[in-house]
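Source file: input-v5.csv (CSV, C-alpha atoms)
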```
chain,number,residue,atom,x,y,z
F,1,MET,CA,46.0,-13.6,36.4
F,2,MET,CA,47.0,-9.9,36.3
F,3,LYS,CA,43.6,-8.9,35.0
F,4,LYS,CA,41.8,-10.6,37.9
F,5,ARG,CA,43.9,-8.6,40.4
F,6,ILE,CA,43.0,-5.4,38.7
F,7,LEU,CA,39.4,-6.3,38.6
F,8,VAL,CA,39.3,-7.2,42.3
F,9,THR,CA,41.0,-4.0,43.3
F,10,ALA,CA,38.5,-1.9,41.2
F,11,LEU,CA,35.6,-3.6,42.9
F,12,ALA,CA,37.0,-3.1,46.3
F,13,ALA,CA,37.5,0.6,45.6
F,14,ALA,CA,33.9,1.0,44.3
F,15,LEU,CA,32.6,-0.7,47.4
F,16,ILE,CA,34.4,1.7,49.7
F,17,VAL,CA,33.1,4.7,47.8
F,18,THR,CA,29.6,3.4,48.0
F,19,VAL,CA,29.8,2.9,51.8
F,20,PHE,CA,31.1,6.4,52.4
F,21,ALA,CA,28.5,7.9,50.1
F,22,GLY,CA,25.8,6.1,52.0
F,23,CYS,CA,27.0,7.4,55.4
F,24,GLY,CA,27.0,11.1,54.1
F,25,GLY,CA,30.4,12.0,55.6
F,26,SER,CA,33.9,11.9,54.7
F,27,PRO,CA,36.4,9.8,56.4
F,28,GLU,CA,38.1,11.5,59.4
F,29,PRO,CA,41.8,11.7,59.1
F,30,SER,CA,43.6,9.7,61.7
F,31,PRO,CA,45.1,11.8,64.4
F,32,SER,CA,48.7,12.2,64.1
F,33,ALA,CA,51.3,14.0,66.2
F,34,SER,CA,51.8,17.5,65.2
F,35,PRO,CA,55.3,18.3,64.3
F,36,THR,CA,57.2,20.1,67.0
F,37,PRO,CA,58.8,23.1,65.5
F,38,THR,CA,62.5,23.1,65.8
F,39,PRO,CA,63.7,26.0,67.9
F,40,THR,CA,66.1,28.3,66.2
F,41,ALA,CA,68.7,30.3,67.8
F,42,SER,CA,68.1,34.0,67.9
F,43,ALA,CA,69.8,35.9,65.2
F,44,SER,CA,72.0,37.8,67.6
F,45,PRO,CA,72.5,37.9,71.3
F,46,THR,CA,70.8,40.6,73.2
F,47,VAL,CA,73.5,43.0,74.5
F,48,SER,CA,72.9,44.6,77.8
F,49,PRO,CA,73.1,48.4,77.9
F,50,SER,CA,76.3,48.4,79.9
F,51,ALA,CA,78.1,46.4,77.2
F,52,SER,CA,81.0,48.3,75.7
F,53,PRO,CA,81.3,48.6,71.9
F,54,GLU,CA,85.0,47.9,72.0
F,55,GLY,CA,84.9,44.5,70.3
F,56,GLU,CA,83.6,41.0,70.6
F,57,THR,CA,86.4,39.7,72.8
F,58,GLY,CA,87.5,42.8,74.7
F,59,GLU,CA,86.8,43.6,78.3
F,60,GLY,CA,83.7,45.5,77.5
F,61,ALA,CA,82.1,42.9,75.1
F,62,ALA,CA,79.0,40.9,76.2
F,63,GLU,CA,79.3,37.2,76.3
F,64,SER,CA,76.4,34.9,75.2
F,65,THR,CA,75.8,31.7,77.2
F,66,PRO,CA,74.1,28.9,75.3
F,67,ALA,CA,71.1,27.3,77.0
F,68,PRO,CA,70.8,23.6,77.4
F,69,ASP,CA,68.0,23.3,74.8
F,70,GLY,CA,70.3,24.9,72.1
F,71,THR,CA,68.8,28.5,72.3
F,72,GLN,CA,70.9,31.5,73.1
F,73,SER,CA,70.3,33.1,76.5
F,74,SER,CA,70.4,36.8,77.0
F,75,ALA,CA,73.8,38.3,77.0
F,76,THR,CA,75.6,38.4,80.2
F,77,PRO,CA,77.1,41.9,80.6
F,78,ALA,CA,80.8,42.0,81.0
F,79,PRO,CA,82.1,43.5,84.3
F,80,GLU,CA,82.4,47.3,84.2
F,81,LYS,CA,85.8,48.6,83.5
F,82,PRO,CA,87.2,50.2,86.7
F,83,SER,CA,87.3,54.0,86.5
F,84,SER,CA,90.7,55.6,86.1
F,85,GLY,CA,92.3,56.8,89.2
F,86,SER,CA,91.1,53.9,91.4
F,87,GLY,CA,93.2,52.2,94.0
F,88,SER,CA,95.7,49.5,93.5
F,89,GLY,CA,94.4,46.2,92.3
F,90,SER,CA,92.0,47.5,89.7
F,91,GLN,CA,92.4,46.5,86.1
F,92,GLY,CA,94.1,48.9,83.9
F,93,ALA,CA,96.5,51.7,84.9
F,94,ALA,CA,95.0,55.1,85.7
F,95,THR,CA,95.4,57.6,83.0
F,96,PRO,CA,97.8,60.3,84.3
F,97,ARG,CA,96.5,63.8,84.4
F,98,PRO,CA,98.5,66.4,82.6
F,99,ASN,CA,100.5,68.5,84.9
F,100,THR,CA,98.9,71.9,84.8
F,101,PRO,CA,101.4,74.6,85.9
F,102,ALA,CA,100.2,76.8,88.7
F,103,PRO,CA,99.5,80.4,87.6
F,104,ALA,CA,102.6,82.4,87.9
F,105,THR,CA,102.5,84.9,90.8
F,106,PRO,CA,103.5,88.3,89.5
F,107,ALA,CA,106.6,89.6,91.2
F,108,PRO,CA,106.0,92.6,93.3
F,109,ALA,CA,106.7,95.8,91.5
F,110,THR,CA,110.1,97.3,92.5
F,111,PRO,CA,109.5,100.9,93.4
F,112,ALA,CA,111.6,103.2,91.4
F,113,PRO,CA,114.3,104.9,93.4
F,114,ALA,CA,113.1,108.2,94.7
F,115,THR,CA,114.5,111.1,92.7
F,116,PRO,CA,116.1,113.5,95.2
F,117,ALA,CA,114.5,116.9,95.2
F,118,PRO,CA,116.5,119.5,93.4
F,119,SER,CA,118.5,121.5,95.9
F,120,ILE,CA,118.6,125.3,96.0
F,121,SER,CA,121.9,127.1,96.0
F,122,VAL,CA,122.9,129.0,99.1
F,123,SER,CA,123.0,132.3,97.2
F,124,ASP,CA,119.4,131.9,95.9
F,125,LEU,CA,118.2,130.8,99.3
F,126,MET,CA,119.8,133.9,100.9
F,127,SER,CA,118.2,136.2,98.3
F,128,ARG,CA,114.7,134.8,99.1
F,129,MET,CA,115.2,135.3,102.8
F,130,ILE,CA,116.6,138.9,102.4
F,131,GLY,CA,113.7,139.7,100.0
F,132,ALA,CA,111.2,138.5,102.6
F,133,LEU,CA,112.3,141.1,105.2
F,134,PRO,CA,110.4,144.4,105.6
F,135,SER,CA,111.6,147.1,103.2
F,136,GLY,CA,114.1,149.5,104.8
F,137,SER,CA,114.6,147.3,107.9
F,138,HIS,CA,118.3,146.6,107.3
F,139,THR,CA,121.4,147.4,105.2
F,140,MET,CA,122.8,143.9,105.2
F,141,SER,CA,125.3,142.7,102.6
F,142,ALA,CA,127.6,139.7,102.0
F,143,ILE,CA,130.6,139.4,104.3
F,144,PRO,CA,133.7,137.8,102.9
F,145,SER,CA,134.8,134.5,104.3
F,146,ASP,CA,138.2,135.8,105.4
F,147,LEU,CA,136.4,138.3,107.7
F,148,TYR,CA,133.9,136.0,109.4
F,149,ALA,CA,135.9,132.7,109.5
F,150,GLY,CA,138.0,133.6,112.5
F,151,VAL,CA,135.5,135.9,114.2
F,152,TYR,CA,132.4,133.8,113.8
F,153,GLN,CA,134.2,130.5,114.3
F,154,ILE,CA,132.7,129.1,111.1
F,155,ASP,CA,135.1,127.4,108.7
F,156,PRO,CA,133.5,127.5,105.2
F,157,SER,CA,135.8,124.7,104.0
F,158,ALA,CA,134.1,122.4,106.6
F,159,TYR,CA,130.7,122.6,104.7
F,160,GLU,CA,129.3,122.3,101.3
F,161,ASP,CA,128.7,126.1,101.1
F,162,VAL,CA,128.4,129.0,103.5
F,163,LEU,CA,127.0,132.5,103.1
F,164,VAL,CA,127.0,135.3,105.7
F,165,TYR,CA,125.1,138.6,105.5
F,166,GLY,CA,125.6,141.3,108.1
F,167,GLU,CA,125.4,145.0,108.8
F,168,THR,CA,128.2,147.3,107.7
F,169,MET,CA,127.5,149.6,110.6
F,170,ASN,CA,128.2,148.4,114.2
F,171,VAL,CA,125.0,150.0,115.6
F,172,LYS,CA,122.7,147.2,114.3
F,173,ALA,CA,122.7,143.5,115.1
F,174,ASN,CA,121.0,142.2,111.9
F,175,GLU,CA,122.7,139.1,110.7
F,176,ILE,CA,121.7,136.1,108.5
F,177,ILE,CA,123.9,133.0,108.0
F,178,VAL,CA,123.0,130.1,105.7
F,179,ILE,CA,125.0,126.9,105.7
F,180,LYS,CA,124.6,123.9,103.4
F,181,ALA,CA,126.0,120.7,105.0
F,182,LYS,CA,127.6,117.8,103.3
F,183,ASP,CA,125.6,115.1,105.2
F,184,SER,CA,123.4,114.7,108.3
F,185,ALA,CA,126.4,114.6,110.6
F,186,ASN,CA,127.8,117.7,109.0
F,187,LEU,CA,124.4,119.3,109.5
F,188,SER,CA,124.6,118.7,113.2
F,189,GLU,CA,128.0,120.5,113.2
F,190,ALA,CA,126.6,123.4,111.3
F,191,LYS,CA,123.7,123.8,113.8
F,192,ALA,CA,126.1,123.7,116.7
F,193,ALA,CA,128.2,126.4,115.1
F,194,LEU,CA,125.2,128.7,114.5
F,195,ASN,CA,124.0,128.3,118.1
F,196,ASN,CA,127.5,129.2,119.3
F,197,ARG,CA,127.4,132.3,117.1
F,198,LEU,CA,124.0,133.3,118.5
F,199,ALA,CA,125.2,132.9,122.1
F,200,ALA,CA,128.3,135.0,121.4
F,201,LEU,CA,126.1,137.8,119.9
F,202,GLU,CA,123.9,137.8,123.0
F,203,GLN,CA,127.0,138.4,125.2
F,204,GLN,CA,128.2,141.1,122.7
F,205,TRP,CA,125.0,143.1,122.7
F,206,LYS,CA,123.9,142.5,126.3
F,207,ASN,CA,125.6,145.6,127.7
F,208,TYR,CA,125.6,147.7,124.5
F,209,LEU,CA,122.2,148.7,122.9
F,210,PRO,CA,119.1,147.3,124.7
F,211,ASP,CA,116.9,147.4,121.5
F,212,GLN,CA,119.5,145.5,119.5
F,213,TYR,CA,120.0,143.1,122.4
F,214,GLU,CA,116.3,142.3,122.3
F,215,LEU,CA,116.6,141.7,118.6
F,216,VAL,CA,119.4,139.2,119.2
F,217,LYS,CA,117.5,137.4,121.9
F,218,ALA,CA,114.7,136.9,119.3
F,219,GLY,CA,117.1,135.3,116.9
F,220,THR,CA,116.5,131.7,115.8
F,221,VAL,CA,118.5,128.8,114.4
F,222,THR,CA,116.5,126.7,111.9
F,223,THR,CA,117.4,123.5,110.0
F,224,LYS,CA,115.7,121.7,107.1
F,225,GLY,CA,117.1,119.1,104.8
F,226,LEU,CA,120.8,119.7,104.7
F,227,TYR,CA,120.5,123.5,105.3
F,228,ALA,CA,120.9,125.4,108.5
F,229,THR,CA,120.3,129.1,109.1
F,230,LEU,CA,120.7,131.8,111.8
F,231,VAL,CA,118.3,134.8,111.5
F,232,ILE,CA,118.6,137.9,113.5
F,233,ALA,CA,116.6,140.8,112.0
F,234,GLN,CA,113.4,142.8,112.2
F,235,GLY,CA,110.7,140.7,110.6
F,236,GLY,CA,113.0,137.7,111.0
F,237,GLN,CA,110.0,135.3,111.0
F,238,SER,CA,109.3,136.2,107.4
F,239,ALA,CA,112.8,135.2,106.4
F,240,VAL,CA,112.5,131.9,108.3
F,241,ALA,CA,109.2,131.2,106.4
F,242,ALA,CA,111.0,131.9,103.1
F,243,PHE,CA,113.7,129.5,104.1
F,244,ASN,CA,111.3,126.7,104.9
F,245,SER,CA,109.3,127.3,101.7
F,246,ALA,CA,112.4,127.3,99.5
F,247,VAL,CA,114.1,124.1,100.9
F,248,ASN,CA,112.5,120.9,99.8
```
When written as structure tokens, how does the structure in this file appear?
Amino acid sequence: MMKKRILVTALAAALIVTVFAGCGGSPEPSPSASPTPTPTASASPTVSPSASPEGETGEGAAESTPAPDGTQSSATPAPEKPSSGSGSGSQGAATPRPNTPAPATPAPATPAPATPAPSISVSDLMSRMIGALPSGSHTMSAIPSDLYAGVYQIDPSAYEDVLVYGETMNVKANEIIVIKAKDSANLSEAKAALNNRLAALEQQWKNYLPDQYELVKAGTVTTKGLYATLVIAQGGQSAVAAFNSAVN
């Protein structure tokens, strides 16, 4: 029985081969549905340029949204992080700026106290004034204080220093007085005393010798600094100039 089945099968196969060989073609394969390739998920989500590299779950990380067919859609960028210093309601506290100290304003330089000019002694001042007069125009010398204090109404103790030069002969009116005051108020007193002395000399020489009277009328009272002087002499302007030059 088995042998008959094998024989029948072999005959059928040979018959099929003969038929195809006689037609000169090969049997066409039956159409079949081409397999639909299974879509695969992309290896990694596409991250938008604005995505932050801070981590996968942080605020700056891009989130991937799966599509309904199983593929991954392009990454949705995370919302941008608000800039520091924005108004209230923004996420994250603004980074405080460091307090930069304002540049220190240099204190104005304190001027050094003015150094008072060195004063000249009354004796040196008198020597310069006498030396400025024309040679041979006088025979003046120092008069002691006990002689002029009462007559000239000049108290030497009331001032810093006083020096009086006058003629030893009563026929000449040449006279130079130099006073150094203690302060400005004392200088005013010295100036008044010298003007009083000049007025007294005018009265004294008014009816005596006319040439000497003219010399007295040309007399001058000058002040500078804390010094005051009365000059009655021939070439008296040279003595006054020496006084102004010597006193700072």
Write out as a compact mmCIF listing (two decimals) with C-alpha atoms, keeping the file's coordinate frame each polymer residue whose atoms come within 12 Å of Tyr208 in chain F, counting only C-alpha atoms; drop sequence neighbours fewer than 6 positions from it.
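part_22.txt, freshly written:
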```
# COMPACT_ATOMS: atom_id res chain seq x y z
CA ASN F 170 128.20 148.40 114.20
CA VAL F 171 125.00 150.00 115.60
CA LYS F 172 122.70 147.20 114.30
CA ALA F 173 122.70 143.50 115.10
CA LEU F 201 126.10 137.80 119.90
CA GLU F 202 123.90 137.80 123.00
CA GLU F 214 116.30 142.30 122.30
CA VAL F 216 119.40 139.20 119.20
```
_Straight-line distance linking CA of Ile176 in chain F with CA of Ile232 in chain F, stated in Å to one decimal_ =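 A separation of 6.2 Å between them.
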*Find the spatial neighbours of Pro134 in chain F, counting only C-alpha atoms, within a cut-off of 10 Å - ignore same-chain residues fewer than 5 positions away - and output them as a PyMOL selection string.*
chain F and resi 233-236+238-239
*What is the CA of Pro210 in chain F-CA of Asn174 in chain F distance in Å, reported with one decimal?*
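Going from CA of Pro210 in chain F over to CA of Asn174 in chain F, I get 13.9 Å.
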*Neighbour list for Val231 in chain F as a PyMOL selection string, cut-off 12 Å, all atoms listed in the file, skip fewer than 5 positions in-chain*: chain F and resi 126+129-130+132-133+140+164-166+173-179+194-195+197-198+201+215-223+236-243
*Grab the CA of Gly136 in chain F to CA of Tyr227 in chain F distance for me, in Å with one decimal place.*
26.8 Å
*Quick one: of F:Ala107, F:Leu163, F:Ala200, F:Gly225, who's nearest to Asp124 in chain F, counting all atoms listed in the file?*
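Using all atoms listed in the file, Asp124 in chain F sits closest to F:Leu163.
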*asked:* Let me make sure I understand: among F:Thr229, F:Ser123, F:Ser245, F:Asn196, which one has the smallest atom-to-atom distance to Val151 in chain F if we use all atoms listed in the file?
replied: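 Ranked by minimum distance to Val151 in chain F, first place goes to F:Asn196.
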_Measuring between only C-alpha atoms, which one of F:Ala199, F:Ala246, F:Ala181, F:Ala193 shows the shortest distance to Val162 in chain F?_
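Smallest distance to Val162 in chain F is found for F:Ala181.
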_Counting all atoms listed in the file, which residue out of F:Ala109, F:Leu226, F:Val247, F:Ala190 sits closest to Gln153 in chain F?_
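Smallest separation from Gln153 in chain F among the options: F:Ala190.
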*With all atoms listed in the file as the atoms that count, which of F:Asn99, F:Glu167, F:Tyr213, F:Thr9 lies nearest to Ile143 in chain F?*
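Ranked by minimum distance to Ile143 in chain F, first place goes to F:Glu167.
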